[in-house]
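As structure tokens, the structure follows; a few thoughts come after it.
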Amino acid sequence: MFLQQLINGITSGAIYALIAVGYTMVYGVLRLINFAHGDIYMIGAMTGLYASRWMKLSDEPRWSSLLLVLLMAMIVCAILGALIEFLAYRPLRNQPRINSLITAIGISMFLEFGGQQVFGATPQAFPEMMPGGSGTAMFTFYGISVARVDVLILATTLLMMLALSWMVMKTRTGLALRAVSFRFDTAALMGININRIVSFTFVLGSILAAVAGVLVAIKFPKVDPLMGLMPGVKAFIAAVLGGIGNLPGAVAGGLLLGLVEVFVAGYMPQGSQYRDGAAFVILIAVLLVKPSGLLGKNVIEKV
Amino acid sequence: MRSTLSALLAVFFLSIGTAIAQDIKIGHFGSLTGGTATFGISTREGIELAADEINNAGGVLGRKIVIINEDDQSKPEEAVTAVQKLINQDKVVALLGEVASSRSIAAAPVAQRARIPMVSPASTNPKVTQLGNYIFRTCFIDPFQGSAMANFAMKNLKLKRFAVLYDVKNDYSLGLREFFTQAVQKAGCEVVADESYGEGDVDFRAQLTKIKNTSPEAIYVPGYYAEVALICRQARELGITVPLMGGDGWDSDKTAEIGGDAVNGNYFTNHYSEQEDRPAVKKFVETYRRKYAGKTPDAMAILGYDAMRILADAITRAGGTQGRLVRDALAATHDFPAASGTITIDENRNARKSIVVLKIEDRKFKFVTSIQP
Amino acid sequence: MSSRKSDQSGHALGSALKSAWLLPALFGLWWIGTRVENPGVFDPYYARIVMLIGINITLAVSLQLINGISGQFSLGHAGFMAVGAYIGSYATTTFGGIITPKDDLIDFANPCAMAWYFICLGIVVGLGIVVVYGMFALIRESSRLHASLPGILMLLVLAWVIFDVSASAGNPVAPAYFVWSRIFGLLPRTFDTLMSAGLPAASHCSAWLPQVMLKPICFLTALFGGGVFAAIAGLLVGLPTLRLRGDYLAIATLGAGEIIRVVITNSEPLGRATGLSIPVYANSAGAGEAAHYIFPWVYGVALITTLLIWRLKHSAKGRAIAAVREDEIAAAAMGIDITHHKVIAFIIGAFFAGVAGALYGHYDGYLNPNTFNIMRSIELVVMVTLGGLGSIWGAIVAAIVLTLLPEVLRNQPVFIKESRMVIYSLLLVLIMICRAKRPWRWVLRGRRADLA
């Protein structure tokens, strides 16, 4: 049972990590809690659903069709992300950040309620997209099997983390990102096109959300307009746990959160009732001991 | 700024009435948006279907029925506001709603004080109708449904060890769990695991692994199909082969669509079976599909449909729309041939009707047995 | 960390004059309230909206103290509201003079017993805090030996408790379970002993009070008790978390609010997800519309909250709080105790949230944990921000506008009504953007504050 719970924890943590990477990416550059991230994730899953229905891709699952669906979700979410940034966040760029936070909340509500109008509130079944079945075992040891989709999610998360870290640290765009995240006006003086970089960040974050949306919809084949609500909050917690703005931290935070939840639900008496609370307790406990998160840097305040 | 506010106030006080004075106005308050929107919308569809049928057949007392829908965003406090608006602004003669017992409990005192009859299509908590003599329901209550499943499992399936996996944020689930557990323990059988999840969760494997470890002979999952379908999937993925059991919250074609083959071999209790030969069921399913683009009705749709028809029947028998008359007529409802079964309103203003047990085979709901109250 | 000067701090008189016409406005509403004692004169639907506005004003103004005036970013206000609502209402269901929904008056009201109940609960909660705080103090002291010892110790204790408690589900002799049940089992027993010891005397005291005063005193006690326990919750949440900054504080308070909700969801006496029904108060005529009795109370509380927080803002203490907001290091250099002032603002804000919660519970007669979810906290933050951070007047206007908006949209033709929440969210974004354009400063009188 312990081994099974460990696997449960890692697989559910991998999902938090997958969403948290996108969260932390946007936050790292803009210092904006993008409340709408969970809803862009929902739009990603919805696009995946409608794309596969429209092109009748689910009749015979193929890797190529999965990639096609992913690509379409990414494109739709990228456009959506750019639009949201241009219409809702850019006018407030020079305002206090809390104002952008309120518009983020407004956008999030708009996508949720609008989603209920457009897609209907009823949960819909997401078709099987993985050839050979997503739930079938990839490998089995000690009587415990690990599903193929879990391996896919974990691998994607790690891959995304590595690729993004490389992008931020080694490329010219990454350098610009870091400069913008440090200080807007100084970065502008250095000849960086702030608008372009901020748009780029949002597009990137939305693409990450789209990938997460499609992959999670494959694992839990139920999509509805409110599906982004809880994962959004949990992923945000995961990002804060790991030190928000820090890519490996988001992955570590997600995995830790998944493990804690599963162990509280699995081992404490009546623990499953307190599963949601456990996430917050561990968050507060970690913040008390290390206020900047597990892997976050302690910023020393300058006078 | 002040002009903006006064403009807003002006708009606010100009409520727009769409109904003609001669029409019978009936208010429906439900969760048309928010977390449980899918149930509120289904109920609305059922109610509107019934109202259309009644109006096409000449209406009630020679007058047309007009349904006024109000949204409560799946929040109890909004349900109270919606009901206040329906009673005081729209002057409805009767209320239909809510699906969730918590929101019915919040709104019922308002209806009771205003002496407006309220018929809840799907609130199963016993407390709802105890709030006053103007509050009715047309579904069965938790004690009946919970113990019916327990007795079926113990007598017909000869099972002795049960696990329960319930939704801690949902009063419906809480009620069924309580009465199922009571019935099981009264018969000397055992509940070996009592685990919970929260509405909107997608990952249930921690709880299921724990349940698997206690090796029950069946798992009772009194939840809604949105979560239940995923629970079935994950239970089978974890190698749990014992049957899962549930209540009328399972009734939706989405259960099998989302759950796939994992839902096969499970049982749940319901109001009716599509396979029943009763013409009322056939007619309902057919007209519903025709009106809503081939959509298969779920439990909420049929309950809304029945609630509307029982209310219309009561108004007809009352011969008027005064609250007192309608209330008395509702209380006297006897052997009404509803689509979800023959309904009699008992002295506690609850519906007395039979329950059916269905088994899911090959993604279809197969009739197993029928239990009388 | 902007060091822009707050525009009020220098002009106390001007600001006081500007805010002074708040008083007639609120008195006007209160006056209307006292006029509607007679049901049938005032449509209960409008009465309800006006009541909700009053409660939201109290909530928004109290959150303005935390978020705007003291510059902390709290996302857990609904949690404090829940504490006040549940504790105040639970006391009323046990000791209040009540009317059942069936209109038959159950004629007893026991204010002294209610007060005694709060005192006992306070003692027990205090004991619990001492125990928990003692443990934390022990852990924190260990940092003198080695910097990372506290963290390691905490994780060890956590692991010990989790694993031992889980292993001992049916086995009461496991050490952690034993300690746990001895310490925390002691608290309910202390409570029962204290309660039963003082109850007869308290009931005796109540009998001496004049009959007409029983209900108002009971009600006041319930409100005050709800507020006090919300303030205690605020202290418990505030002391550790207020060390955090900006977004970290936001997420920690959000977490605290959710933990409160999870605890309520799992508490049998509070009704779990089925909710808690509270018998409602009636007006003097005995007719059962709660609004008419509670109306003056709601606006009285809103008035007192506004006055107190307005006075606080312009007092020496308020200036110290504002100084901490503007620049913590500079404030500390001026000899201001930073933690003290942050916690004070947090506790006062939580207190009034609790009172508003208790009012809400008594007014609606029904409480459900879902009412106090994250969305409720966010709604309040939106009110505070929309009205302009730091501006009490702005918070009041925003509370009125945002409570009215969904109802205004409800009364529109069907195609608007159907998508009213979509329009609501769009309007929210539009208002925020328009507000950013200077010439459109319509509600804005607050400072421009940074979140961090």
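Each chain of the structure tokens is named A, B, ... in the order shown, its residues numbered from 1; ligands are numbered from 1 in display order.
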Would you return as a ChimeraX atom specification the members of range 228-272 of chain B that DSSP assigns to strand (DSSP E) on this structure's backbone? /B:244-246,267-270
Output for the residues just chosen: N, CA and C atoms as a PDB file, in the first residue's frame:
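The file below, again.pdb, is the result:
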```pdb
ATOM      1  N   LEU B 244     -19.324  -1.100  -7.433  1.00  0.00           N
ATOM      2  CA  LEU B 244     -19.568   0.190  -6.803  1.00  0.00           C
ATOM      3  C   LEU B 244     -21.071   0.441  -6.850  1.00  0.00           C
ATOM      4  N   MET B 245     -21.566   1.126  -5.830  1.00  0.00           N
ATOM      5  CA  MET B 245     -23.008   1.372  -5.770  1.00  0.00           C
ATOM      6  C   MET B 245     -23.267   2.841  -5.524  1.00  0.00           C
ATOM      7  N   GLY B 246     -24.423   3.316  -6.001  1.00  0.00           N
ATOM      8  CA  GLY B 246     -24.708   4.732  -5.807  1.00  0.00           C
ATOM      9  C   GLY B 246     -26.176   5.045  -5.834  1.00  0.00           C
ATOM     10  N   TYR B 267     -23.993  -0.890  -9.530  1.00  0.00           N
ATOM     11  CA  TYR B 267     -25.425  -0.755  -9.292  1.00  0.00           C
ATOM     12  C   TYR B 267     -25.740   0.651  -8.809  1.00  0.00           C
ATOM     13  N   PHE B 268     -26.906   1.138  -9.140  1.00  0.00           N
ATOM     14  CA  PHE B 268     -27.376   2.347  -8.466  1.00  0.00           C
ATOM     15  C   PHE B 268     -28.895   2.385  -8.407  1.00  0.00           C
ATOM     16  N   THR B 269     -29.385   3.163  -7.442  1.00  0.00           N
ATOM     17  CA  THR B 269     -30.828   3.302  -7.289  1.00  0.00           C
ATOM     18  C   THR B 269     -31.283   4.516  -8.075  1.00  0.00           C
ATOM     19  N   ASN B 270     -32.503   4.440  -8.640  1.00  0.00           N
ATOM     20  CA  ASN B 270     -32.975   5.539  -9.471  1.00  0.00           C
ATOM     21  C   ASN B 270     -34.499   5.637  -9.399  1.00  0.00           C
TER      22      ASN B 270
END
```
Spatial neighbours of Ser272 in chain A, max dist 9 Å, only C-alpha atoms, sep filter under 5 positions, as a PDB file with N, CA and C atoms, in the first residue's frame:
```pdb
ATOM      1  N   GLU A 261      -0.801  15.589   0.106  1.00  0.00           N
ATOM      2  CA  GLU A 261      -2.243  15.347   0.021  1.00  0.00           C
ATOM      3  C   GLU A 261      -2.554  13.861   0.068  1.00  0.00           C
ATOM      4  N   VAL A 262      -1.815  13.107  -0.718  1.00  0.00           N
ATOM      5  CA  VAL A 262      -2.088  11.675  -0.776  1.00  0.00           C
ATOM      6  C   VAL A 262      -1.785  11.011   0.566  1.00  0.00           C
ATOM      7  N   VAL A 264      -1.825  12.424   3.580  1.00  0.00           N
ATOM      8  CA  VAL A 264      -2.837  12.814   4.560  1.00  0.00           C
ATOM      9  C   VAL A 264      -4.116  12.021   4.321  1.00  0.00           C
ATOM     10  N   ALA A 265      -4.539  11.937   3.045  1.00  0.00           N
ATOM     11  CA  ALA A 265      -5.779  11.222   2.745  1.00  0.00           C
ATOM     12  C   ALA A 265      -5.616   9.730   3.005  1.00  0.00           C
ATOM     13  N   GLY A 266      -4.430   9.220   2.758  1.00  0.00           N
ATOM     14  CA  GLY A 266      -4.238   7.777   2.820  1.00  0.00           C
ATOM     15  C   GLY A 266      -3.901   7.241   4.201  1.00  0.00           C
ATOM     16  N   TYR A 267      -3.294   8.077   5.052  1.00  0.00           N
ATOM     17  CA  TYR A 267      -2.796   7.521   6.306  1.00  0.00           C
ATOM     18  C   TYR A 267      -3.422   8.101   7.556  1.00  0.00           C
TER      19      TYR A 267
ATOM     20  N   GLU B 195     -14.570   6.868   3.719  1.00  0.00           N
ATOM     21  CA  GLU B 195     -13.661   7.876   3.159  1.00  0.00           C
ATOM     22  C   GLU B 195     -14.457   8.949   2.451  1.00  0.00           C
ATOM     23  N   SER B 196     -13.808  10.068   2.183  1.00  0.00           N
ATOM     24  CA  SER B 196     -14.535  11.160   1.552  1.00  0.00           C
ATOM     25  C   SER B 196     -13.706  11.831   0.472  1.00  0.00           C
ATOM     26  N   TYR B 197     -14.387  12.595  -0.362  1.00  0.00           N
ATOM     27  CA  TYR B 197     -13.718  13.443  -1.340  1.00  0.00           C
ATOM     28  C   TYR B 197     -14.477  14.761  -1.392  1.00  0.00           C
ATOM     29  N   GLY B 198     -14.023  15.686  -2.193  1.00  0.00           N
ATOM     30  CA  GLY B 198     -14.709  16.972  -2.308  1.00  0.00           C
ATOM     31  C   GLY B 198     -15.198  17.193  -3.723  1.00  0.00           C
ATOM     32  N   ALA B 206      -5.869   8.029  -3.719  1.00  0.00           N
ATOM     33  CA  ALA B 206      -5.411   7.862  -2.340  1.00  0.00           C
ATOM     34  C   ALA B 206      -6.492   7.173  -1.509  1.00  0.00           C
ATOM     35  N   GLN B 207      -7.737   7.669  -1.648  1.00  0.00           N
ATOM     36  CA  GLN B 207      -8.835   7.082  -0.882  1.00  0.00           C
ATOM     37  C   GLN B 207      -9.112   5.659  -1.347  1.00  0.00           C
TER      38      GLN B 207
END
```
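Using only C-alpha atoms, the protein and nucleic acid residues lying no more than 8 Å from Gly68 in chain C, apart from those fewer than 4 places from it along its own chain, are Leu63, Gln64, Gln72, Val384, Leu389, Gly390 and Ser391 of chain C.
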Give me, as an MDAnalysis selection string, all polymer residues having an atom no more than 7 Å from range 117-125 of chain A, counting only C-alpha atoms and skipping those fewer than 4 positions away in the same chain. (chainID A and resid 113 221:225) or (chainID B and resid 37:38 226 254 257:258)
For a test of reading the model, state the distance in Å between CA of Ile87 in chain C and CA of Thr385 in chain C, rounded to one decimal. 28.9 Å
Using only C-alpha atoms, pick whichever of C:Asp192, C:Asp43, C:Glu258, C:Asp247 has the shortest atom-to-atom distance to chain B.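 Looking at the shortest contact to chain B, the residue is C:Asp43.
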Considering only C-alpha atoms, can you say which of C:Arg410, C:Ile129, C:Gly300, C:Leu187 comes closest to Glu70 in chain B?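 Closest candidate: C:Arg410.
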